[in-house]
file coords23.txt (compact mmCIF, C-alpha atoms and all ligand atoms)
# COMPACT_ATOMS: atom_id res chain seq x y z
CA MET A 1 113.74 54.07 36.19
CA SER A 2 110.20 53.16 37.09
CA ILE A 3 109.21 52.25 40.62
CA TYR A 4 107.41 49.13 39.37
CA ARG A 5 109.97 46.32 39.08
CA LYS A 6 108.09 43.10 39.52
CA HIS A 7 110.63 41.31 37.35
CA LEU A 8 113.05 41.53 40.29
CA PHE A 9 110.76 39.36 42.46
CA ASP A 10 109.97 35.69 42.41
CA LEU A 11 106.19 35.76 42.76
CA PRO A 12 104.11 32.69 41.87
CA GLU A 13 102.35 33.03 38.52
CA GLY A 14 98.83 34.41 38.89
CA MET A 15 99.18 35.41 42.51
CA ILE A 16 98.22 38.91 43.61
CA TYR A 17 100.33 39.52 46.68
CA LEU A 18 98.91 42.17 48.99
CA ASP A 19 100.74 41.04 52.11
CA GLY A 20 104.18 42.58 51.61
CA ASN A 21 103.46 44.59 54.74
CA SER A 22 103.71 41.34 56.69
CA LEU A 23 106.24 39.27 54.73
CA GLY A 24 107.80 40.66 51.57
CA PRO A 25 108.28 38.29 48.58
CA LEU A 26 111.55 36.69 47.54
CA PRO A 27 113.76 38.98 45.43
CA LYS A 28 115.35 37.00 42.59
CA SER A 29 118.82 38.21 43.61
CA VAL A 30 118.60 36.37 46.95
CA PRO A 31 118.86 32.60 46.27
CA ALA A 32 122.12 32.71 44.30
CA ARG A 33 123.68 35.21 46.71
CA VAL A 34 122.75 33.13 49.75
CA ALA A 35 123.92 29.94 48.01
CA GLN A 36 127.26 31.64 47.37
CA ALA A 37 127.50 32.73 51.02
CA VAL A 38 126.81 29.15 52.11
CA THR A 39 129.03 27.34 49.64
CA ALA A 40 131.93 29.67 48.85
CA GLU A 41 132.06 31.82 51.97
CA TRP A 42 131.10 29.45 54.78
CA GLY A 43 132.02 26.25 52.95
CA GLY A 44 135.18 27.51 51.29
CA ASN A 45 136.51 30.25 53.52
CA LEU A 46 135.25 29.04 56.89
CA ILE A 47 136.47 31.27 59.74
CA LYS A 48 138.28 33.54 57.28
CA GLY A 49 134.83 34.72 56.09
CA TRP A 50 134.56 37.15 59.01
CA ASN A 51 137.25 39.32 57.41
CA LEU A 52 137.49 38.07 53.85
CA ASP A 53 133.78 38.18 53.08
CA GLY A 54 133.03 41.20 55.22
CA TRP A 55 130.71 39.37 57.64
CA MET A 56 131.78 41.43 60.63
CA ALA A 57 131.13 44.77 58.91
CA GLN A 58 127.84 43.62 57.43
CA PRO A 59 125.49 44.91 60.18
CA SER A 60 126.71 48.48 59.60
CA ARG A 61 126.98 48.14 55.83
CA VAL A 62 123.38 46.94 55.57
CA GLY A 63 122.37 49.54 58.17
CA ASP A 64 123.41 52.26 55.73
CA LEU A 65 121.27 50.75 52.97
CA VAL A 66 118.25 50.80 55.27
CA GLY A 67 119.21 54.23 56.59
CA ARG A 68 118.93 55.78 53.14
CA LEU A 69 115.23 54.85 53.02
CA ILE A 70 114.40 56.37 56.42
CA GLY A 71 116.33 59.62 56.25
CA ALA A 72 119.14 58.46 58.54
CA PRO A 73 122.72 59.56 57.87
CA ALA A 74 125.38 56.97 57.08
CA GLY A 75 126.73 55.31 60.21
CA SER A 76 123.62 55.92 62.34
CA VAL A 77 121.81 52.59 61.78
CA VAL A 78 122.94 49.09 62.69
CA MET A 79 121.28 45.73 62.04
CA GLY A 80 120.76 42.76 64.30
CA ASP A 81 118.48 40.66 66.50
CA THR A 82 114.71 41.04 66.25
CA LEU A 83 112.57 44.13 66.51
CA SER A 84 111.34 43.12 69.97
CA ILE A 85 114.96 43.19 71.17
CA LYS A 86 115.61 46.56 69.51
CA VAL A 87 112.55 48.02 71.26
CA TYR A 88 113.99 46.86 74.57
CA GLN A 89 117.39 48.37 73.77
CA ALA A 90 115.97 51.74 72.74
CA LEU A 91 113.59 52.02 75.68
CA SER A 92 116.12 50.95 78.29
CA ALA A 93 118.58 53.53 76.94
CA ALA A 94 115.89 56.22 76.92
CA LEU A 95 114.88 55.53 80.53
CA GLN A 96 118.50 55.81 81.59
CA MET A 97 118.76 59.17 79.81
CA ARG A 98 115.81 60.47 81.86
CA SER A 99 116.49 58.66 85.12
CA GLU A 100 114.58 61.22 87.20
CA ARG A 101 111.32 60.57 85.31
CA ARG A 102 108.99 57.58 85.60
CA VAL A 103 106.40 57.63 82.81
CA VAL A 104 106.47 55.97 79.39
CA ILE A 105 103.79 56.95 76.88
CA SER A 106 102.61 54.61 74.16
CA ASP A 107 99.29 54.12 72.40
CA SER A 108 96.69 51.43 71.90
CA GLY A 109 97.53 51.30 68.19
CA ASN A 110 100.97 49.94 68.99
CA PHE A 111 101.89 46.38 68.13
CA PRO A 112 101.58 44.28 71.30
CA THR A 113 105.19 43.13 71.45
CA ASP A 114 106.34 46.74 71.86
CA LEU A 115 104.02 47.11 74.86
CA TYR A 116 104.98 43.72 76.29
CA MET A 117 108.69 44.51 76.03
CA ALA A 118 108.09 47.84 77.80
CA GLU A 119 106.12 46.13 80.59
CA GLY A 120 108.82 43.50 81.00
CA LEU A 121 111.58 46.08 81.15
CA ILE A 122 109.70 48.21 83.67
CA ARG A 123 109.00 45.21 85.90
CA HIS A 124 112.61 44.14 85.69
CA LEU A 125 114.00 47.60 86.51
CA GLY A 126 111.83 47.78 89.63
CA HIS A 127 112.06 51.59 89.76
CA GLY A 128 108.33 52.24 89.71
CA HIS A 129 108.05 53.25 86.06
CA GLU A 130 104.57 53.40 84.58
CA LEU A 131 103.56 52.55 81.03
CA ARG A 132 100.62 54.75 80.02
CA VAL A 133 98.85 53.42 76.95
CA VAL A 134 96.51 56.06 75.57
CA ALA A 135 94.36 56.29 72.44
CA PRO A 136 96.37 57.35 69.36
CA GLU A 137 94.59 60.71 69.14
CA GLU A 138 95.35 61.43 72.81
CA VAL A 139 99.11 61.00 72.58
CA THR A 140 100.05 64.66 72.34
CA GLU A 141 98.08 65.72 75.39
CA ALA A 142 99.49 62.80 77.39
CA ILE A 143 103.04 64.09 76.94
CA THR A 144 103.67 65.97 80.19
CA ASP A 145 106.90 66.91 81.92
CA GLN A 146 106.77 63.64 83.90
CA VAL A 147 107.30 61.63 80.75
CA ALA A 148 110.69 60.00 80.29
CA ALA A 149 110.02 58.45 76.89
CA VAL A 150 107.39 58.45 74.17
CA MET A 151 107.43 55.18 72.29
CA LEU A 152 105.15 54.89 69.27
CA THR A 153 104.76 52.92 66.08
CA GLN A 154 104.29 55.44 63.29
CA VAL A 155 101.91 53.34 61.17
CA ASP A 156 99.23 51.29 62.95
CA TYR A 157 99.61 47.66 61.90
CA ARG A 158 95.86 47.08 61.81
CA THR A 159 94.38 50.22 60.28
CA GLY A 160 97.35 51.93 58.63
CA ARG A 161 96.67 55.15 60.60
CA MET A 162 99.84 57.21 60.57
CA HIS A 163 101.27 59.51 63.24
CA ASP A 164 102.95 62.80 62.35
CA MET A 165 106.54 62.10 63.38
CA ALA A 166 107.75 65.70 63.25
CA ASP A 167 104.84 67.04 65.29
CA ILE A 168 104.88 64.38 68.03
CA THR A 169 108.67 64.41 68.30
CA ALA A 170 108.60 68.19 68.75
CA ARG A 171 106.00 67.78 71.52
CA ALA A 172 108.06 65.12 73.25
CA HIS A 173 111.15 67.31 73.13
CA ALA A 174 109.27 70.37 74.37
CA ALA A 175 108.28 68.29 77.43
CA GLY A 176 111.85 67.05 77.87
CA ALA A 177 111.04 63.46 76.87
CA VAL A 178 113.04 61.08 74.68
CA MET A 179 111.33 59.99 71.44
CA ILE A 180 111.40 56.42 70.11
CA TRP A 181 109.79 55.59 66.78
CA ASP A 182 108.99 52.08 65.63
CA LEU A 183 109.16 52.12 61.84
CA ALA A 184 108.07 48.50 61.24
CA HIS A 185 105.35 49.62 58.82
CA SER A 186 107.17 52.73 57.60
CA ALA A 187 110.58 51.60 56.35
CA GLY A 188 110.18 51.02 52.62
CA ALA A 189 106.52 52.03 52.84
CA VAL A 190 106.42 55.81 53.36
CA PRO A 191 109.04 58.58 53.28
CA VAL A 192 110.62 59.04 56.71
CA ASP A 193 112.85 61.95 57.69
CA LEU A 194 114.56 60.69 60.82
CA ALA A 195 117.32 63.27 60.81
CA GLY A 196 114.80 66.04 60.21
CA CYS A 197 112.44 65.04 63.03
CA LYS A 198 115.34 64.75 65.49
CA ALA A 199 113.98 61.69 67.33
CA GLU A 200 116.61 60.07 69.53
CA PHE A 201 115.84 56.46 68.58
CA ALA A 202 114.14 54.51 65.84
CA VAL A 203 113.74 50.78 65.35
CA GLY A 204 112.14 48.54 62.76
CA CYS A 205 112.13 45.21 60.99
CA THR A 206 113.16 44.22 57.48
CA TYR A 207 111.01 41.21 56.59
CA LYS A 208 107.97 43.39 55.81
CA TYR A 209 108.35 46.10 53.15
CA LEU A 210 112.12 45.53 52.80
CA ASN A 211 111.74 41.88 51.69
CA GLY A 212 114.60 40.47 53.80
CA GLY A 213 112.83 37.14 54.35
CA PRO A 214 111.32 35.44 57.41
CA GLY A 215 113.46 36.18 60.44
CA ALA A 216 115.47 38.95 58.74
CA PRO A 217 117.39 41.11 61.23
CA ALA A 218 115.94 44.28 62.72
CA PHE A 219 117.47 47.75 62.71
CA ILE A 220 118.11 50.44 65.28
CA TYR A 221 118.97 54.11 64.79
CA ILE A 222 120.45 56.48 67.33
CA ARG A 223 120.66 60.20 66.63
CA PRO A 224 124.39 60.66 66.03
CA ASP A 225 124.95 63.53 68.48
CA ILE A 226 123.73 61.47 71.46
CA ALA A 227 124.92 58.01 70.44
CA ASP A 228 128.16 58.11 72.40
CA ALA A 229 126.27 58.86 75.62
CA VAL A 230 123.90 55.88 75.29
CA GLN A 231 124.40 53.10 77.85
CA PRO A 232 123.46 49.73 76.32
CA ALA A 233 121.43 47.47 78.61
CA LEU A 234 122.35 44.48 76.45
CA ALA A 235 126.09 44.96 76.68
CA GLY A 236 127.18 42.20 74.32
CA TRP A 237 130.71 41.66 73.18
CA LEU A 238 130.11 42.76 69.59
CA GLY A 239 128.90 46.13 70.89
CA HIS A 240 132.22 46.49 72.71
CA GLU A 241 134.79 49.04 71.59
CA ALA A 242 137.33 46.24 70.96
CA PRO A 243 135.66 42.81 70.94
CA PHE A 244 138.88 41.02 70.09
CA ALA A 245 140.80 42.59 72.93
CA PHE A 246 138.66 40.29 75.13
CA ASP A 247 138.82 42.77 78.01
CA LEU A 248 137.10 41.80 81.23
CA ASP A 249 135.33 45.16 81.44
CA TYR A 250 132.78 46.54 79.01
CA ARG A 251 133.41 49.72 77.05
CA PRO A 252 130.77 50.54 74.42
CA ALA A 253 131.78 50.90 70.79
CA PRO A 254 131.53 54.40 69.31
CA GLY A 255 128.13 55.42 67.96
CA VAL A 256 125.28 53.08 67.11
CA GLU A 257 127.62 50.06 66.87
CA ARG A 258 127.16 49.74 70.62
CA MET A 259 123.68 48.40 69.89
CA ARG A 260 125.16 45.27 68.38
CA VAL A 261 124.86 42.38 70.81
CA GLY A 262 126.24 39.01 69.71
CA THR A 263 127.24 37.16 66.56
CA PRO A 264 125.20 38.44 63.61
CA PRO A 265 123.01 36.06 61.55
CA VAL A 266 125.25 36.16 58.48
CA LEU A 267 123.13 34.07 56.14
CA GLN A 268 119.96 35.94 56.99
CA MET A 269 121.77 39.28 56.73
CA THR A 270 123.15 38.22 53.34
CA ALA A 271 119.61 37.55 52.13
CA LEU A 272 118.63 41.03 53.29
CA GLU A 273 121.67 42.67 51.72
CA ALA A 274 120.83 41.07 48.36
CA ALA A 275 117.15 42.02 48.79
CA MET A 276 118.14 45.66 49.27
CA GLU A 277 119.36 45.74 45.65
CA ALA A 278 115.71 46.01 44.63
CA TRP A 279 115.71 49.48 46.24
CA GLU A 280 118.46 50.89 44.06
CA GLY A 281 117.28 54.11 42.44
CA VAL A 282 114.01 54.14 44.39
CA GLU A 283 113.08 57.57 45.66
CA MET A 284 110.66 57.31 48.55
CA ALA A 285 108.60 60.32 47.40
CA GLU A 286 107.98 58.58 44.08
CA LEU A 287 107.15 55.30 45.80
CA ARG A 288 104.73 57.12 48.08
CA ALA A 289 102.88 58.65 45.14
CA ALA A 290 102.51 55.21 43.56
CA SER A 291 101.39 53.69 46.86
CA VAL A 292 98.75 56.37 47.44
CA ALA A 293 97.39 55.83 43.92
CA LEU A 294 97.08 52.06 44.49
CA CYS A 295 95.41 52.52 47.88
CA GLU A 296 92.94 55.12 46.56
CA THR A 297 91.96 52.85 43.68
CA PHE A 298 91.46 49.88 46.00
CA ILE A 299 89.29 51.86 48.42
CA ALA A 300 87.10 53.21 45.59
CA GLU A 301 86.75 49.78 43.95
CA VAL A 302 85.94 47.91 47.17
CA GLU A 303 83.48 50.51 48.41
CA ALA A 304 81.67 50.42 45.07
CA ARG A 305 81.58 46.61 44.93
CA CYS A 306 81.26 45.51 48.55
CA PRO A 307 78.94 47.67 50.67
CA GLU A 308 79.12 44.96 53.37
CA LEU A 309 82.69 46.06 54.17
CA THR A 310 83.55 49.16 56.21
CA LEU A 311 86.76 51.08 55.68
CA ALA A 312 88.91 50.81 58.82
CA SER A 313 91.78 52.93 57.49
CA PRO A 314 91.84 56.73 57.43
CA ARG A 315 90.13 58.02 54.29
CA ASP A 316 92.66 60.82 54.03
CA ALA A 317 95.72 59.42 52.24
CA ALA A 318 97.99 61.80 54.15
CA GLN A 319 97.05 60.01 57.38
CA ARG A 320 97.40 56.49 56.03
CA GLY A 321 100.47 54.31 55.53
CA SER A 322 100.84 51.88 52.64
CA GLN A 323 97.98 49.56 53.58
CA VAL A 324 94.20 49.52 53.47
CA SER A 325 92.01 47.68 55.97
CA PHE A 326 88.35 46.87 55.92
CA ARG A 327 86.14 45.58 58.70
CA PHE A 328 83.88 42.63 57.96
CA GLU A 329 82.33 40.38 60.58
CA GLN A 330 83.38 37.24 58.71
CA GLY A 331 86.72 38.80 57.79
CA TYR A 332 88.77 35.76 58.71
CA ALA A 333 86.79 33.36 56.52
CA ALA A 334 86.54 35.92 53.71
CA MET A 335 90.32 36.31 53.73
CA GLN A 336 90.75 32.54 53.59
CA ALA A 337 88.43 32.41 50.59
CA LEU A 338 90.42 35.20 48.93
CA ILE A 339 93.71 33.44 49.61
CA ALA A 340 92.29 30.26 48.08
CA ARG A 341 91.73 32.37 44.94
CA ASP A 342 95.33 33.62 44.93
CA VAL A 343 94.64 37.08 46.29
CA ILE A 344 96.81 37.23 49.38
CA GLY A 345 96.10 39.59 52.24
CA ASP A 346 95.77 38.83 55.93
CA PHE A 347 93.46 39.11 58.90
CA ARG A 348 93.88 40.84 62.24
CA ALA A 349 91.46 40.13 65.07
CA PRO A 350 88.69 40.85 65.66
CA ASP A 351 87.38 41.66 62.18
CA ILE A 352 90.05 43.37 60.05
CA MET A 353 90.89 42.34 56.50
CA ARG A 354 94.25 43.88 55.74
CA PHE A 355 95.80 44.61 52.36
CA GLY A 356 99.31 45.95 51.87
CA PHE A 357 100.27 47.93 48.77
CA THR A 358 103.85 47.67 47.63
CA PRO A 359 104.44 49.53 44.36
CA LEU A 360 107.68 47.66 43.61
CA TYR A 361 105.65 44.63 42.53
CA VAL A 362 101.95 45.54 42.73
CA GLY A 363 100.38 47.37 39.80
CA ALA A 364 97.03 49.02 39.07
CA ASP A 365 95.69 45.89 37.30
CA ASP A 366 96.37 43.80 40.39
CA VAL A 367 94.33 46.20 42.50
CA THR A 368 91.29 46.06 40.23
CA ARG A 369 91.52 42.27 39.94
CA ALA A 370 91.79 41.90 43.73
CA ALA A 371 88.66 44.01 44.20
CA GLU A 372 86.79 41.87 41.62
CA VAL A 373 87.69 38.66 43.44
CA LEU A 374 86.75 40.20 46.78
CA GLU A 375 83.37 41.16 45.33
CA GLU A 376 82.74 37.55 44.26
CA VAL A 377 83.72 36.25 47.68
CA ILE A 378 81.38 38.65 49.48
CA LYS A 379 78.40 38.64 47.05
CA ASP A 380 78.30 34.87 46.62
CA ARG A 381 79.17 34.18 50.29
CA LEU A 382 82.08 32.06 49.10
CA TRP A 383 83.59 32.41 52.57
CA ASP A 384 80.83 30.37 54.18
CA ARG A 385 82.60 27.01 54.17
CA PRO A 386 83.95 25.06 57.14
CA GLU A 387 87.53 25.04 55.85
CA TYR A 388 87.57 28.85 55.68
CA LEU A 389 85.88 29.34 59.05
CA ALA A 390 88.37 27.20 61.04
CA ARG A 391 91.15 29.41 62.43
CA GLN A 392 94.77 28.51 61.82
CA ARG A 393 97.70 29.36 64.04
CA VAL A 394 98.95 32.31 61.97
CA THR A 395 96.18 34.53 60.65
C1 LIG B 401 106.00 43.38 62.91
C2 LIG B 401 106.18 44.17 64.17
C3 LIG B 401 106.94 43.67 65.24
C4 LIG B 401 107.52 42.28 65.21
O1 LIG B 401 108.56 42.14 66.11
P1 LIG B 401 109.59 40.94 65.94
O2 LIG B 401 110.45 41.01 67.14
O3 LIG B 401 110.33 41.19 64.65
O4 LIG B 401 108.81 39.68 65.85
C5 LIG B 401 107.13 44.49 66.32
N1 LIG B 401 106.59 45.74 66.39
C6 LIG B 401 105.85 46.23 65.39
C7 LIG B 401 105.29 47.61 65.50
C8 LIG B 401 105.60 45.46 64.26
O5 LIG B 401 104.82 45.94 63.28

call {"tool": "encode", "arguments": {"input": "coords23.txt", "output": "structure tokens"}}
result
Amino acid sequence: MSIYRKHLFDLPEGMIYLDGNSLGPLPKSVPARVAQAVTAEWGGNLIKGWNLDGWMAQPSRVGDLVGRLIGAPAGSVVMGDTLSIKVYQALSAALQMRSERRVVISDSGNFPTDLYMAEGLIRHLGHGHELRVVAPEEVTEAITDQVAAVMLTQVDYRTGRMHDMADITARAHAAGAVMIWDLAHSAGAVPVDLAGCKAEFAVGCTYKYLNGGPGAPAFIYIRPDIADAVQPALAGWLGHEAPFAFDLDYRPAPGVERMRVGTPPVLQMTALEAAMEAWEGVEMAELRAASVALCETFIAEVEARCPELTLASPRDAAQRGSQVSFRFEQGYAAMQALIARDVIGDFRAPDIMRFGFTPLYVGADDVTRAAEVLEEVIKDRLWDRPEYLARQRVT
């Protein structure tokens, strides 16, 4: 089976969608499946749906589907909440595991919410922890034996620069620190070997490369051998060993299920579960090869056609995720002009034009066509119009 399976997605005719790294498109399997969950399950079965339709088991069932793509064994991933919440859960657990240490290392390539959640947690704990945010290339030397946790996003959301998970995790462990990986731009984008790298925690979202739809639930992984020792900070009833015993005291569920908090978003999770069908038979190594080929073609085409743009992503494919970014002073307006011509990417301040490459529904022809349109926009200054220059709320 080929990796390219655009027929499984509902993409508007003529649109070249290079923003699946931000919000994946609608898989065709989703609308009917969600309609069935609404009408037959909720409408017809009502409260019986929790057992009859498997709603209560869904966060673990879907967790296994995601786990396969990130090298996590069955039963080690659970879905729920948003990524920001999962970051908080992983970091709070990590700090408890290293209660004698006070330093958290992250890097300036991290997505701000991860850093904000860490700051908020540290302030709330009031134990004098310190968040040290260093440059991405300085992470390894910053990992000293004072470090409780290293918390990094593998693929930089702006540039696509990719950390070496095995190498950094080994460094963290050599220093006695707990490793947390954010796989927001890795899951479904690049091969990940979570079990092999031995990181304690990983988190990520599913509305980007996994096409779960806006607001799709996040995931969290705990390395199975330590999961039963993890103390959840968000000790919700559905992470309890026996939620329907309604005990007055909290006892965590076995394994990663303790990271469940409250009632799962069944309709949203159903959309995700149906979306995961598009991944059947996909081997990540094969997807990676296709992704690298698309990215290399795009870089070559854009550099040949648009000398005004500067590559912001690593040139070496081995150090780049599944996206390509270019710097251009009028990047915001240029992206608006591109979008108006049905080539969809996005913009990240201050000057980054970002393009995601998703081989499930983007082919080589799309890449060449996107570069042609970009050339027109830049050469003919098509971006220089008031409606493209005015910033909207979401960029
Ligand atoms: C997309 C992304 C998020 C988003 O967090 P939400 O809670 O899902 O809004 C967080 N962290 C990283 C690294 C991301 O790329």

call {"tool": "atom_distance", "arguments": {"input": "coords23.txt", "atom1": "CA of Trp42 in chain A", "atom2": "CA of Val266 in chain A"}}
result
9.6 Å

call {"tool": "closest_atom_pairs", "arguments": {"input": "coords23.txt", "of": "chain A", "to": "ligand LIG 401 (chain B)", "cutoff": "8 Å", "atoms": "only C-alpha atoms and all ligand atoms", "output": "CSV"}}
result
residue,atom,partner,partner_atom,distance
A:Ser22,CA,B:LIG401,C1,6.9
A:Thr82,CA,B:LIG401,O2,4.4
A:Leu83,CA,B:LIG401,O2,3.8
A:Ser84,CA,B:LIG401,O2,3.6
A:Ile85,CA,B:LIG401,O2,6.4
A:Lys86,CA,B:LIG401,O2,7.9
A:Asn110,CA,B:LIG401,C7,6.0
A:Phe111,CA,B:LIG401,C7,4.5
A:Pro112,CA,B:LIG401,N1,7.2
A:Thr113,CA,B:LIG401,C5,5.7
A:Asp114,CA,B:LIG401,N1,5.6
A:Thr153,CA,B:LIG401,C7,5.4
A:Val155,CA,B:LIG401,C7,7.9
A:Asp156,CA,B:LIG401,C7,7.5
A:Tyr157,CA,B:LIG401,O5,5.7
A:Asp182,CA,B:LIG401,C7,5.8
A:Leu183,CA,B:LIG401,C7,7.0
A:Ala184,CA,B:LIG401,O5,4.6
A:His185,CA,B:LIG401,O5,5.8
A:Gly204,CA,B:LIG401,C6,7.2
A:Cys205,CA,B:LIG401,O3,5.7
A:Lys208,CA,B:LIG401,C1,7.4
A:Gly215,CA,B:LIG401,O3,7.3
A:Pro217,CA,B:LIG401,O3,7.8
A:Ala218,CA,B:LIG401,O3,6.7

call {"tool": "axis_aligned_box", "arguments": {"input": "coords23.txt", "around": "range 312-324 of chain A", "padding_each_side": "4 Å", "output": "lines of an AutoDock Vina configuration file"}}
result
center_x = 94.9
center_y = 55.7
center_z = 55.5
size_x = 19.9
size_y = 20.3
size_z = 14.6

call {"tool": "residues_around", "arguments": {"input": "coords23.txt", "residues": "range 283-298 of chain A", "least_positions_apart": "5", "cutoff": "8 Å", "atoms": "all atoms listed in the file", "output": "JSON, numbers by chain"}}
result
{"A": [3, 69, 188, 189, 190, 191, 317, 322, 323, 324, 357, 358, 359, 360, 363, 364, 367, 368, 371]}

call {"tool": "atom_distance", "arguments": {"input": "coords23.txt", "atom1": "CA of Ala233 in chain A", "atom2": "CA of Ala90 in chain A"}}
result
9.1 Å

call {"tool": "closest_residue", "arguments": {"input": "coords23.txt", "among": "A:Ala235, A:Gln268, A:Arg158, A:Val38", "to": "Pro350 in chain A", "atoms": "all atoms listed in the file"}}
result
A:Arg158

call {"tool": "residues_around", "arguments": {"input": "coords23.txt", "residues": "Ala149 in chain A", "least_positions_apart": "3", "cutoff": "8 Å", "atoms": "all atoms listed in the file", "output": "VMD selection string"}}
result
chain A and resid 91 94 to 95 98 103 to 105 172 177 to 180

call {"tool": "closest_residue", "arguments": {"input": "coords23.txt", "among": "A:Leu23, A:Met259, A:Leu267, A:Pro214", "to": "Gly49 in chain A", "atoms": "only C-alpha atoms"}}
result
A:Leu267

call {"tool": "residues_near_point", "arguments": {"input": "coords23.txt", "point": "(132.6, 53.9, 68.6)", "cutoff": "10 Å", "atoms": "all atoms listed in the file", "output": "JSON list (two decimals) with C-alpha atoms, in the coordinates of the input"}}
result
[["chain", "number", "residue", "atom", "x", "y", "z"],
["A", 227, "ALA", "CA", 124.92, 58.01, 70.44],
["A", 228, "ASP", "CA", 128.16, 58.11, 72.40],
["A", 239, "GLY", "CA", 128.90, 46.13, 70.89],
["A", 240, "HIS", "CA", 132.22, 46.49, 72.71],
["A", 241, "GLU", "CA", 134.79, 49.04, 71.59],
["A", 242, "ALA", "CA", 137.33, 46.24, 70.96],
["A", 251, "ARG", "CA", 133.41, 49.72, 77.05],
["A", 252, "PRO", "CA", 130.77, 50.54, 74.42],
["A", 253, "ALA", "CA", 131.78, 50.90, 70.79],
["A", 254, "PRO", "CA", 131.53, 54.40, 69.31],
["A", 255, "GLY", "CA", 128.13, 55.42, 67.96],
["A", 256, "VAL", "CA", 125.28, 53.08, 67.11],
["A", 257, "GLU", "CA", 127.62, 50.06, 66.87],
["A", 258, "ARG", "CA", 127.16, 49.74, 70.62]]

call {"tool": "closest_residue", "arguments": {"input": "coords23.txt", "among": "A:Thr310, A:Gln392, A:Asn211, A:Gln154", "to": "Lys28 in chain A", "atoms": "all atoms listed in the file"}}
result
A:Asn211

call {"tool": "residues_around", "arguments": {"input": "coords23.txt", "residues": "Leu194 in chain A", "least_positions_apart": "6", "cutoff": "10 Å", "atoms": "all atoms listed in the file", "output": "number ranges by chain"}}
result
A: 67, 69-73, 165-166, 181, 200-202, 221-223

call {"tool": "closest_residue", "arguments": {"input": "coords23.txt", "among": "A:Cys306, A:Ala32, A:Leu248, A:Val87", "to": "Gly120 in chain A", "atoms": "all atoms listed in the file"}}
result
A:Val87

call {"tool": "residues_near_point", "arguments": {"input": "coords23.txt", "point": "(103.8, 58.5, 71.5)", "cutoff": "6 Å", "atoms": "all atoms listed in the file", "output": "number ranges by chain"}}
result
A: 105-106, 139, 150-152

call {"tool": "closest_residue", "arguments": {"input": "coords23.txt", "among": "A:Val394, A:Val34, A:Ala142, A:Leu389", "to": "Ala175 in chain A", "atoms": "all atoms listed in the file"}}
result
A:Ala142

call {"tool": "closest_residue", "arguments": {"input": "coords23.txt", "among": "A:Pro136, A:Gly126, A:Pro264, A:Gly213", "to": "Gly54 in chain A", "atoms": "all atoms listed in the file"}}
result
A:Pro264

call {"tool": "atom_distance", "arguments": {"input": "coords23.txt", "atom1": "CA of Ala337 in chain A", "atom2": "CA of Trp383 in chain A"}}
result
5.2 Å
